[in-house]
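Structure data (TSV, C-alpha atoms) from input-v5.tsv:
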chain	number	residue	atom	x	y	z
A	549	MET	CA	78.07	119.92	120.44
A	550	ALA	CA	77.95	121.56	117.02
A	551	GLY	CA	76.79	125.17	116.94
A	552	ARG	CA	73.83	126.18	114.84
A	553	THR	CA	74.07	129.01	112.39
A	554	SER	CA	71.32	131.55	111.88
A	555	ILE	CA	70.76	132.92	108.40
A	556	ILE	CA	68.82	135.91	107.12
A	557	ILE	CA	66.96	135.48	103.84
A	558	GLN	CA	65.43	138.30	101.80
A	559	GLY	CA	63.19	137.09	99.02
A	560	THR	CA	59.72	136.83	97.52
A	561	ALA	CA	57.01	134.81	99.24
A	562	TRP	CA	54.98	132.85	96.69
A	563	GLY	CA	52.42	131.49	99.10
A	564	VAL	CA	51.55	129.48	102.16
A	565	GLN	CA	51.08	125.73	101.80
A	566	GLU	CA	49.69	123.18	104.20
A	567	THR	CA	50.77	119.57	104.59
A	568	LYS	CA	48.26	116.73	104.96
A	569	ASN	CA	48.77	116.79	108.73
A	570	GLY	CA	48.05	120.54	108.95
A	571	LYS	CA	51.56	121.96	109.21
A	572	ARG	CA	51.91	125.24	107.32
A	573	PHE	CA	55.00	126.49	105.52
A	574	LEU	CA	55.94	129.37	103.30
A	575	ARG	CA	57.42	129.10	99.80
A	576	VAL	CA	60.11	131.74	99.24
A	577	SER	CA	62.44	132.34	96.30
A	578	VAL	CA	65.59	134.41	96.30
A	579	SER	CA	67.33	135.75	93.19
A	580	PRO	CA	70.86	136.37	94.46
A	581	GLY	CA	73.56	138.21	92.63
A	582	TYR	CA	76.37	140.70	92.98
A	583	ARG	CA	77.88	143.73	91.26
A	584	ASP	CA	81.04	143.09	89.28
A	585	ARG	CA	83.99	145.48	89.07
A	586	ASN	CA	82.23	147.48	86.36
A	587	GLY	CA	79.07	147.88	88.41
A	588	ASN	CA	77.05	145.42	86.32
A	589	TRP	CA	74.57	143.16	88.11
A	590	VAL	CA	75.49	139.48	87.78
A	591	SER	CA	72.61	137.14	88.55
A	592	GLN	CA	73.14	133.84	90.34
A	593	PRO	CA	70.80	130.83	90.04
A	594	GLU	CA	67.52	131.30	91.88
A	595	GLN	CA	67.28	129.66	95.30
A	596	ASN	CA	64.06	128.20	96.70
A	597	TYR	CA	63.25	127.87	100.38
A	598	SER	CA	60.53	126.07	102.29
A	599	VAL	CA	60.17	128.10	105.47
A	600	TRP	CA	58.75	126.28	108.50
A	601	PRO	CA	58.03	127.81	111.90
A	602	ALA	CA	60.67	126.92	114.46
A	603	GLY	CA	59.18	124.90	117.32
A	604	TYR	CA	58.53	127.92	119.55
A	605	ALA	CA	57.59	130.47	116.89
A	606	ASN	CA	53.96	131.35	116.14
A	607	LEU	CA	54.15	132.49	112.53
A	608	ASN	CA	50.45	131.97	111.80
A	609	PRO	CA	49.59	135.72	111.87
A	610	VAL	CA	52.22	136.61	109.24
A	611	PHE	CA	51.42	133.46	107.22
A	612	ASP	CA	47.76	134.59	107.20
A	613	GLN	CA	48.78	138.07	106.00
A	614	ILE	CA	50.90	136.63	103.20
A	615	ALA	CA	48.14	134.22	102.12
A	616	GLN	CA	45.67	137.13	102.06
A	617	LEU	CA	48.01	139.34	100.02
A	618	ARG	CA	48.75	136.51	97.56
A	619	GLN	CA	45.03	136.00	96.82
A	620	ASN	CA	45.75	138.54	94.08
A	621	GLN	CA	48.28	136.80	91.83
A	622	ASP	CA	49.56	140.19	90.62
A	623	THR	CA	50.73	141.11	94.13
A	624	TYR	CA	54.25	140.19	95.14
A	625	VAL	CA	55.19	139.99	98.81
A	626	ASP	CA	58.81	140.56	99.79
A	627	VAL	CA	59.86	139.04	103.09
A	628	THR	CA	62.84	138.90	105.41
A	629	ILE	CA	63.31	135.66	107.33
A	630	VAL	CA	65.54	134.80	110.26
A	631	GLY	CA	66.08	131.09	110.81
A	632	GLU	CA	68.31	128.05	110.66
A	633	VAL	CA	68.94	125.79	107.66
A	634	ASN	CA	67.43	122.34	108.17
A	635	GLY	CA	68.30	120.36	105.07
A	636	PHE	CA	68.40	120.51	101.28
A	637	HIS	CA	66.87	118.47	98.50
A	638	GLY	CA	67.76	118.48	94.83
A	639	TYR	CA	65.39	118.26	91.89
A	640	GLN	CA	65.21	118.96	88.17
A	641	THR	CA	63.27	121.90	86.79
A	642	LYS	CA	60.89	121.54	83.85
A	643	GLN	CA	63.74	122.88	81.71
A	644	GLY	CA	65.92	119.97	82.88
A	645	GLU	CA	68.24	122.11	84.98
A	646	SER	CA	69.46	120.93	88.37
A	647	ALA	CA	68.13	122.95	91.27
A	648	ALA	CA	67.96	122.73	95.04
A	649	SER	CA	65.46	123.66	97.65
A	650	CYS	CA	66.37	124.38	101.23
A	651	ASN	CA	64.30	123.88	104.38
A	652	VAL	CA	64.56	126.66	106.96
A	653	ASN	CA	63.22	126.65	110.52
A	654	ALA	CA	62.26	130.30	110.97
A	655	SER	CA	62.13	132.16	114.25
A	656	ALA	CA	60.86	135.33	112.54
A	657	VAL	CA	59.22	136.33	109.24
A	658	ALA	CA	58.60	139.99	108.37
A	659	ILE	CA	56.80	141.43	105.35
A	660	THR	CA	59.15	144.11	104.04
A	661	ASN	CA	57.39	145.22	100.84
A	662	VAL	CA	54.28	144.62	98.77
A	663	ARG	CA	54.45	145.39	95.06
A	664	GLN	CA	52.35	144.95	91.96
A	665	LYS	CA	53.38	142.71	89.06
A	666	ASN	CA	53.34	145.38	86.35
A	667	GLY	CA	55.42	147.95	88.17
A	668	GLY	CA	52.53	149.32	90.21
A	669	GLN	CA	53.05	151.33	93.35
A	670	SER	CA	55.08	149.50	95.96
A	671	GLN	CA	54.46	149.95	99.64
A	672	GLY	CA	57.14	150.07	102.28
A	673	TYR	CA	56.39	147.74	105.15
A	674	GLY	CA	57.27	148.13	108.77
A	675	GLY	CA	54.90	145.67	110.35
A	676	GLY	CA	51.43	144.22	110.10
A	677	TYR	CA	49.15	144.48	107.14
A	678	GLY	CA	45.99	146.39	108.02
A	679	GLN	CA	44.03	146.78	104.78
A	680	GLN	CA	40.85	144.71	104.43
A	681	PRO	CA	40.37	142.77	101.19
A	682	GLN	CA	38.06	144.30	98.62
A	683	GLY	CA	34.44	143.18	98.78
A	684	GLY	CA	34.22	142.89	102.55
A	685	TYR	CA	34.85	139.14	102.84
A	686	GLN	CA	37.66	137.27	104.49
A	687	PRO	CA	39.51	134.95	102.12
A	688	SER	CA	39.46	131.28	102.97
A	689	GLN	CA	42.55	129.22	103.73
A	690	PRO	CA	44.92	128.71	100.81
A	691	PRO	CA	44.34	125.49	98.87
A	692	ALA	CA	45.92	122.37	100.30
A	693	SER	CA	47.17	121.37	96.85
A	694	ASP	CA	50.64	122.51	95.91
A	695	PRO	CA	50.57	125.49	93.50
A	696	TRP	CA	54.20	124.64	92.78
A	697	GLY	CA	53.24	121.08	91.82
A	698	ASN	CA	55.26	121.30	88.61
A	699	GLY	CA	58.33	119.55	90.00
A	700	GLY	CA	59.67	122.47	92.00
A	701	GLY	CA	60.34	124.76	89.05
A	702	ASP	CA	59.37	128.37	88.76
A	703	PRO	CA	55.76	129.26	89.55
A	704	GLU	CA	53.75	129.96	86.43
A	705	PHE	CA	52.11	133.37	86.19
Here is the file; what I need is its structure written in the form of structure tokens.
Amino acid sequence: MAGRTSIIIQGTAWGVQETKNGKRFLRVSVSPGYRDRNGNWVSQPEQNYSVWPAGYANLNPVFDQIAQLRQNQDTYVDVTIVGEVNGFHGYQTKQGESAASCNVNASAVAITNVRQKNGGQSQGYGGGYGQQPQGGYQPSQPPASDPWGNGGGDPEF
């Protein structure tokens, strides 16, 4: 029997999406890179992940927190995910570049940071998100349509 490999992903959650049959998943992008011998940062191509709850994991509370935080398009949510890779699919970006998206079955998703688009104050995260949205209302579920419906390329902000 082949062993399964767990991976840890640290990236930016762009939002929660729902399939027609009600399954929810998280869109996450990672901008990997490394430091060269001179200490310069060398970027690698961005990686995109569709993060699905593993069969036994109830990720709805953290998915709800992320959806609530992403109501404000200027708020970025950094996450750390523990899971197993469950397939890849390739596509072309709007710029005509080849890219790949990876499906991950996650056993855990943690919000590690919340930051503002224009360099606003970032918040360290150690757990749940407790702040109520402004205006005293609870936001509705995220739209069922795919905000990334541009062929899998970069989200437009």
Just how far from CA of Val625 (chain A) is CA of Gly559 (chain A), in Å to one decimal?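 Spanning CA of Gly559 (chain A) to CA of Val625 (chain A) is a straight-line distance of 8.5 Å.
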Applying 9 Å and all atoms listed in the file, which residues near region 602-612 of chain A remain after dropping the ones on its own chain fewer than 4 positions away? List them as a ChimeraX atom specification. /A:563-564,572-574,616-617,631-632,652-659,676-677,689
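Among the candidate residues A:Thr660, A:Ser579, A:Gln565, A:Gln640, the one lying nearest to Asp626 (chain A) is A:Thr660, with distances computed using only C-alpha atoms.
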Could you work out how far CA of Trp562 (chain A) lies from CA of Tyr624 (chain A), giving the answer in Å with one decimal?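 About the pair CA of Tyr624 (chain A) and CA of Trp562 (chain A): they are 7.5 Å apart.
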Please provide as a count of residues only all residues within 12 Å of Ser577 (chain A), with the sequence filter that same-chain residues fewer than 4 positions apart are discarded (counting only C-alpha atoms). 29
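Closest to Gln664 (chain A) among A:Gln613, A:Asn586, A:Thr623, A:Gln592 is A:Thr623, based on all atoms listed in the file.
Picture a line from CA of Gly570 (chain A) to CA of Thr641 (chain A); it runs 26.9 Å.
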Using all atoms listed in the file: which of A:Asn634, A:Gln621, A:Thr553, A:Ser646 has the shortest distance to Pro601 (chain A):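 Among the listed residues, the smallest separation from Pro601 (chain A) belongs to A:Asn634.
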